[in-house]
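A.B. asks: Encoded as C-alpha cells, here's the structure I'll be asking about.
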Amino acid sequence: MSKEKSKTRYGLHTSVAGGLGEMLKRAQDMGEDAAQIFVKSNRQWNMTELDEKEAEEFWREKKRQDLWVCAHAGYLINVAGEAGIRTKSIRSLADEIRRAEDLGLEAIVVHCGSRGETDPTEARRRAVAGFNEAIEASGTRRIRIALENSAGQGSSLARDMGEWGELIGGLPKKRRAACLDTAHAFAAGFDLRTLEGRTRLRGEMEKKIGLENLLVIHANDSKTDCGSGVDRHEHLGHGKIGGPALQAFLRDPAWRGIPRIGELPPGEREDRENLTFLRRCLPST
C-alpha cells in the first residue's frame, strides 16, 4: 500500500513490565495504534528464553488490536566498537533481531554506534560489516533493521546525513530501513523551527537516505538547543523545538503513512498529553 493511501499511526515506547500481554493492555488503554518495545533489558547483554505460549498470544492479540509494533535494540550495542564490545554487540543484536521476528514485529531500531578513536571510514566499514553479520547470525528472513540518526554526541556515527545513508545503504536491500529521530536531527543542526530547516531535512532525506527507506519517526522534542550535539528528549511541545514546529514537521505530506513513536520521560498524564499531541499532528487527508 502506498504511503499516500496508508493509515498514519502513532504511539509511544511502551513498557513490557509484567509481560507482553500487559504491554498490549497499556497500548489499548492509551489508544495507541503503533508502539515500540524492548525485547529484552536494554542495559544487559543476555536475553531470557521466549515463552512460546506468551509469544503466540502476543501475535494474536496484536493482530486483533491492529497494533503496529517495532523493537528498539539495547543501548549497549556498538557494532563499530573495539573487538570485545563489537563481538558482544553482534551476538546480542542477532538475538534481538531473532526475537523481534519471532514476535512478528515490523522492525528493530538500532543506534549506529560510536567510532571512539577509530578512523571514521574504518568505523563505518566495521559497522556495516557488523550489522550484516548480525543479520546473518540471526537466521531471520523478514525483519527490517532501522538504523537511527544520531545527535552527534561524542563520537557517535550518523549525525551526518551522508554517513547515515552510507550505513543504511550497506544493509541488504530487503532488510534496510531508517528511523528518523526529530530531537537528534535538531541537535545535529537541522533547525526544525524554520521552514528552511524542515525543507533542508526533507531534501537531504530524499537524496541521501531515500524516503522509501524511512520506516518510523521518533517524534521527540529536545531539551537542548539546535546544533548542540547533545541527545536529551523532552515532552512534545515543551522543548527547544516547540509545539508549532513539531506540528508543522509531522503534518508534512512527505511523512504520511509513516508511524511516529514518542520516546519521552515517564508519567501517565504526560503520556496521554503526548499522544493527544501526536493525534493532532496527523497529516490531513
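Chains: A, B, ... in order of the C-alpha cells. Residues: from 1 per chain. Ligands: from 1, in order shown.
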How would you write, as a ChimeraX atom specification, the set of residues in region 11-96 of chain A that DSSP gives as alpha helix (DSSP H)?
C.D. replies: /A:20-30,52-65,83-96
A.B. asks: Could those selected residues go to a file with C-alpha atoms, as a PDB file, in the first residue's frame?
C.D. replies:
```pdb
ATOM      1  CA  LEU A  20       3.886  -8.771  26.622  1.00  0.00           C
ATOM      2  CA  GLY A  21       0.223  -9.132  27.452  1.00  0.00           C
ATOM      3  CA  GLU A  22       0.441  -6.219  29.881  1.00  0.00           C
ATOM      4  CA  MET A  23       2.164  -4.139  27.222  1.00  0.00           C
ATOM      5  CA  LEU A  24      -0.752  -4.754  24.846  1.00  0.00           C
ATOM      6  CA  LYS A  25      -3.232  -3.728  27.535  1.00  0.00           C
ATOM      7  CA  ARG A  26      -1.309  -0.495  28.117  1.00  0.00           C
ATOM      8  CA  ALA A  27      -1.281   0.278  24.405  1.00  0.00           C
ATOM      9  CA  GLN A  28      -5.016  -0.371  24.117  1.00  0.00           C
ATOM     10  CA  ASP A  29      -5.826   1.694  27.203  1.00  0.00           C
ATOM     11  CA  MET A  30      -3.787   4.613  25.852  1.00  0.00           C
ATOM     12  CA  GLU A  52       6.111 -19.773  23.229  1.00  0.00           C
ATOM     13  CA  LYS A  53       2.590 -19.515  24.609  1.00  0.00           C
ATOM     14  CA  GLU A  54       3.113 -15.852  25.528  1.00  0.00           C
ATOM     15  CA  ALA A  55       4.515 -15.190  22.048  1.00  0.00           C
ATOM     16  CA  GLU A  56       1.513 -16.839  20.349  1.00  0.00           C
ATOM     17  CA  GLU A  57      -0.911 -14.824  22.468  1.00  0.00           C
ATOM     18  CA  PHE A  58       1.019 -11.645  21.661  1.00  0.00           C
ATOM     19  CA  TRP A  59       0.809 -12.329  17.912  1.00  0.00           C
ATOM     20  CA  ARG A  60      -2.931 -12.981  18.126  1.00  0.00           C
ATOM     21  CA  GLU A  61      -3.823 -10.001  20.320  1.00  0.00           C
ATOM     22  CA  LYS A  62      -1.549  -7.596  18.438  1.00  0.00           C
ATOM     23  CA  LYS A  63      -3.365  -8.515  15.234  1.00  0.00           C
ATOM     24  CA  ARG A  64      -6.771  -8.140  16.900  1.00  0.00           C
ATOM     25  CA  GLN A  65      -5.824  -4.662  18.153  1.00  0.00           C
ATOM     26  CA  ALA A  83      36.955  -6.136  19.300  1.00  0.00           C
ATOM     27  CA  GLY A  84      35.410  -7.306  22.602  1.00  0.00           C
ATOM     28  CA  ILE A  85      32.453  -4.920  22.538  1.00  0.00           C
ATOM     29  CA  ARG A  86      31.915  -5.498  18.830  1.00  0.00           C
ATOM     30  CA  THR A  87      31.731  -9.283  19.242  1.00  0.00           C
ATOM     31  CA  LYS A  88      29.222  -8.973  22.098  1.00  0.00           C
ATOM     32  CA  SER A  89      27.245  -6.408  20.122  1.00  0.00           C
ATOM     33  CA  ILE A  90      26.904  -8.605  17.037  1.00  0.00           C
ATOM     34  CA  ARG A  91      25.805 -11.583  19.131  1.00  0.00           C
ATOM     35  CA  SER A  92      23.333  -9.504  21.156  1.00  0.00           C
ATOM     36  CA  LEU A  93      21.893  -7.791  18.074  1.00  0.00           C
ATOM     37  CA  ALA A  94      21.444 -11.158  16.343  1.00  0.00           C
ATOM     38  CA  ASP A  95      19.483 -12.389  19.378  1.00  0.00           C
ATOM     39  CA  GLU A  96      17.285  -9.292  19.351  1.00  0.00           C
TER      40      GLU A  96
END
```
A.B. asks: Can you pull out the residues contacting Val69 (chain A)? Cut-off 8 Å, using only C-alpha atoms, and skip same-chain residues under 6 positions away; I want them as an NGL selection string.
C.D. replies: :A and (34-37 or 105-107)
A.B. asks: Suppose we keep N, CA and C atoms; can you now write the selection as an mmCIF file, in the first residue's frame?
C.D. replies:
```cif
data_model
loop_
_atom_site.group_PDB
_atom_site.id
_atom_site.type_symbol
_atom_site.label_atom_id
_atom_site.label_comp_id
_atom_site.auth_asym_id
_atom_site.auth_seq_id
_atom_site.Cartn_x
_atom_site.Cartn_y
_atom_site.Cartn_z
ATOM 1 N N ALA A 34 0.243 2.303 17.259
ATOM 2 C CA ALA A 34 1.642 1.965 16.998
ATOM 3 C C ALA A 34 2.377 2.029 18.327
ATOM 4 N N ALA A 35 3.419 1.230 18.462
ATOM 5 C CA ALA A 35 4.180 1.224 19.707
ATOM 6 C C ALA A 35 5.580 0.685 19.445
ATOM 7 N N GLN A 36 6.448 0.960 20.385
ATOM 8 C CA GLN A 36 7.818 0.435 20.351
ATOM 9 C C GLN A 36 8.094 -0.232 21.687
ATOM 10 N N ILE A 37 8.833 -1.327 21.660
ATOM 11 C CA ILE A 37 9.159 -2.050 22.889
ATOM 12 C C ILE A 37 10.628 -2.457 22.896
ATOM 13 N N LEU A 105 7.219 -8.591 14.857
ATOM 14 C CA LEU A 105 7.345 -7.132 14.855
ATOM 15 C C LEU A 105 7.701 -6.628 13.455
ATOM 16 N N GLU A 106 7.554 -5.334 13.249
ATOM 17 C CA GLU A 106 7.781 -4.749 11.929
ATOM 18 C C GLU A 106 9.251 -4.485 11.657
ATOM 19 N N ALA A 107 10.006 -4.149 12.700
ATOM 20 C CA ALA A 107 11.411 -3.769 12.526
ATOM 21 C C ALA A 107 12.073 -3.720 13.883
#
```
A.B. asks: Let me make sure I understand: among A:Ala183, A:Ile97, A:Ala73, A:Leu171, which one has the smallest atom-to-atom distance to Gly130 (chain A) if we use only C-alpha atoms?
C.D. replies: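 Ranked by minimum distance to Gly130 (chain A), first place goes to A:Leu171.
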A.B. asks: If we count only C-alpha atoms, what is near Thr199 (chain A) at a cut-off of 12 Å, once residues fewer than 5 positions away on the same chain are taken out, given as a count of residues only?
C.D. replies: 12
A.B. asks: Compile the contact shell of Gly11 (chain A) as an mmCIF file with C-alpha atoms, in the first residue's frame: residues with an atom at most 7 Å away, counting only C-alpha atoms, same-chain residues fewer than 2 positions apart removed.
C.D. replies:
```
data_model
loop_
_atom_site.group_PDB
_atom_site.id
_atom_site.type_symbol
_atom_site.label_atom_id
_atom_site.label_comp_id
_atom_site.auth_asym_id
_atom_site.auth_seq_id
_atom_site.Cartn_x
_atom_site.Cartn_y
_atom_site.Cartn_z
ATOM 1 C CA GLU A 32 -2.147 3.658 20.565
ATOM 2 C CA ASP A 33 -2.169 2.073 17.127
ATOM 3 C CA ALA A 34 1.642 1.965 16.998
ATOM 4 C CA ALA A 35 4.180 1.224 19.707
ATOM 5 C CA ARG A 260 5.549 8.152 14.675
ATOM 6 C CA ILE A 261 6.664 6.986 18.117
ATOM 7 C CA GLY A 262 7.353 9.204 21.131
ATOM 8 C CA LEU A 275 -0.487 11.048 22.466
#
```
A.B. asks: May I ask for the distance between CA of Gly197 (chain A) and CA of Ala158 (chain A), given in Å to one decimal place?
C.D. replies: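 Between CA of Gly197 (chain A) and CA of Ala158 (chain A) the gap works out to 18.1 Å.
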A.B. asks: Give me the residues within 7 Å of Gly237 (chain A) as a ChimeraX atom specification, counting only C-alpha atoms and dropping any in the same chain fewer than 3 places off.
C.D. replies: /A:221,242-243
A.B. asks: Quick one: everything within 8 Å of Leu76 (chain A), counting only C-alpha atoms, minus sequence neighbours fewer than 3 positions away in the same chain. Send it as a ChimeraX atom specification.
C.D. replies: /A:42-45,89
A.B. asks: Please dump the current selection as a PDB file, in the first residue's frame; keep N, CA and C atoms.
C.D. replies:
```pdb
ATOM      1  N   ASN A  42      17.311  -3.359  28.170  1.00  0.00           N
ATOM      2  CA  ASN A  42      18.105  -2.516  27.272  1.00  0.00           C
ATOM      3  C   ASN A  42      19.492  -2.210  27.811  1.00  0.00           C
ATOM      4  N   ARG A  43      19.784  -2.649  29.035  1.00  0.00           N
ATOM      5  CA  ARG A  43      21.092  -2.371  29.650  1.00  0.00           C
ATOM      6  C   ARG A  43      21.870  -3.649  29.963  1.00  0.00           C
ATOM      7  N   GLN A  44      21.438  -4.773  29.385  1.00  0.00           N
ATOM      8  CA  GLN A  44      22.123  -6.049  29.613  1.00  0.00           C
ATOM      9  C   GLN A  44      22.374  -6.739  28.282  1.00  0.00           C
ATOM     10  N   TRP A  45      23.408  -7.605  28.270  1.00  0.00           N
ATOM     11  CA  TRP A  45      23.734  -8.354  27.065  1.00  0.00           C
ATOM     12  C   TRP A  45      22.855  -9.591  26.914  1.00  0.00           C
ATOM     13  N   SER A  89      28.310  -7.175  20.770  1.00  0.00           N
ATOM     14  CA  SER A  89      27.245  -6.408  20.122  1.00  0.00           C
ATOM     15  C   SER A  89      26.607  -7.185  18.982  1.00  0.00           C
TER      16      SER A  89
END
```
A.B. asks: Determine, counting only C-alpha atoms, which protein, DNA and RNA residues have an atom within 12 Å of an atom of Leu214 (chain A); residues of the same chain fewer than 3 positions away are not included. Present the result as a CSV table (one decimal) with C-alpha atoms, in the first residue's frame.
C.D. replies:
```csv
chain,number,residue,atom,x,y,z
A,3,LYS,CA,2.2,6.0,1.9
A,107,ALA,CA,11.4,-3.8,12.5
A,109,VAL,CA,15.5,0.2,15.6
A,144,ARG,CA,13.9,-4.9,8.8
A,145,ILE,CA,16.9,-3.1,10.5
A,146,ALA,CA,16.0,0.5,11.0
A,147,LEU,CA,19.2,2.5,11.6
A,148,GLU,CA,18.7,5.6,13.6
A,149,ASN,CA,20.3,9.1,13.1
A,165,GLY,CA,22.9,7.0,4.3
A,168,ILE,CA,21.8,2.2,5.6
A,176,ARG,CA,17.4,-2.0,5.2
A,177,ALA,CA,15.3,0.8,6.9
A,178,ALA,CA,15.8,4.2,8.6
A,179,CYS,CA,14.4,5.7,11.8
A,180,LEU,CA,14.4,9.5,11.9
A,181,ASP,CA,14.6,11.0,15.4
A,202,ARG,CA,13.3,16.6,3.9
A,205,MET,CA,16.4,12.6,3.5
A,206,GLU,CA,15.2,12.2,-0.1
A,208,LYS,CA,20.9,10.6,0.9
A,209,ILE,CA,18.5,8.2,2.7
A,210,GLY,CA,15.6,7.6,0.3
A,211,LEU,CA,12.1,8.2,1.6
A,217,ILE,CA,9.8,8.5,13.0
A,218,HIS,CA,10.8,9.0,16.7
A,254,ALA,CA,6.1,13.5,2.9
A,255,TRP,CA,5.7,11.6,6.2
A,256,ARG,CA,2.1,10.4,5.6
A,257,GLY,CA,1.8,6.7,6.4
A,258,ILE,CA,5.0,6.6,8.4
A,259,PRO,CA,4.4,5.6,12.1
A,260,ARG,CA,5.5,8.2,14.7
```
A.B. asks: Out of region 5-121 of chain A, which residues get strand (DSSP E or B) from DSSP, as a ChimeraX atom specification?
C.D. replies: /A:10-13,34-37,68-72,107-111,114
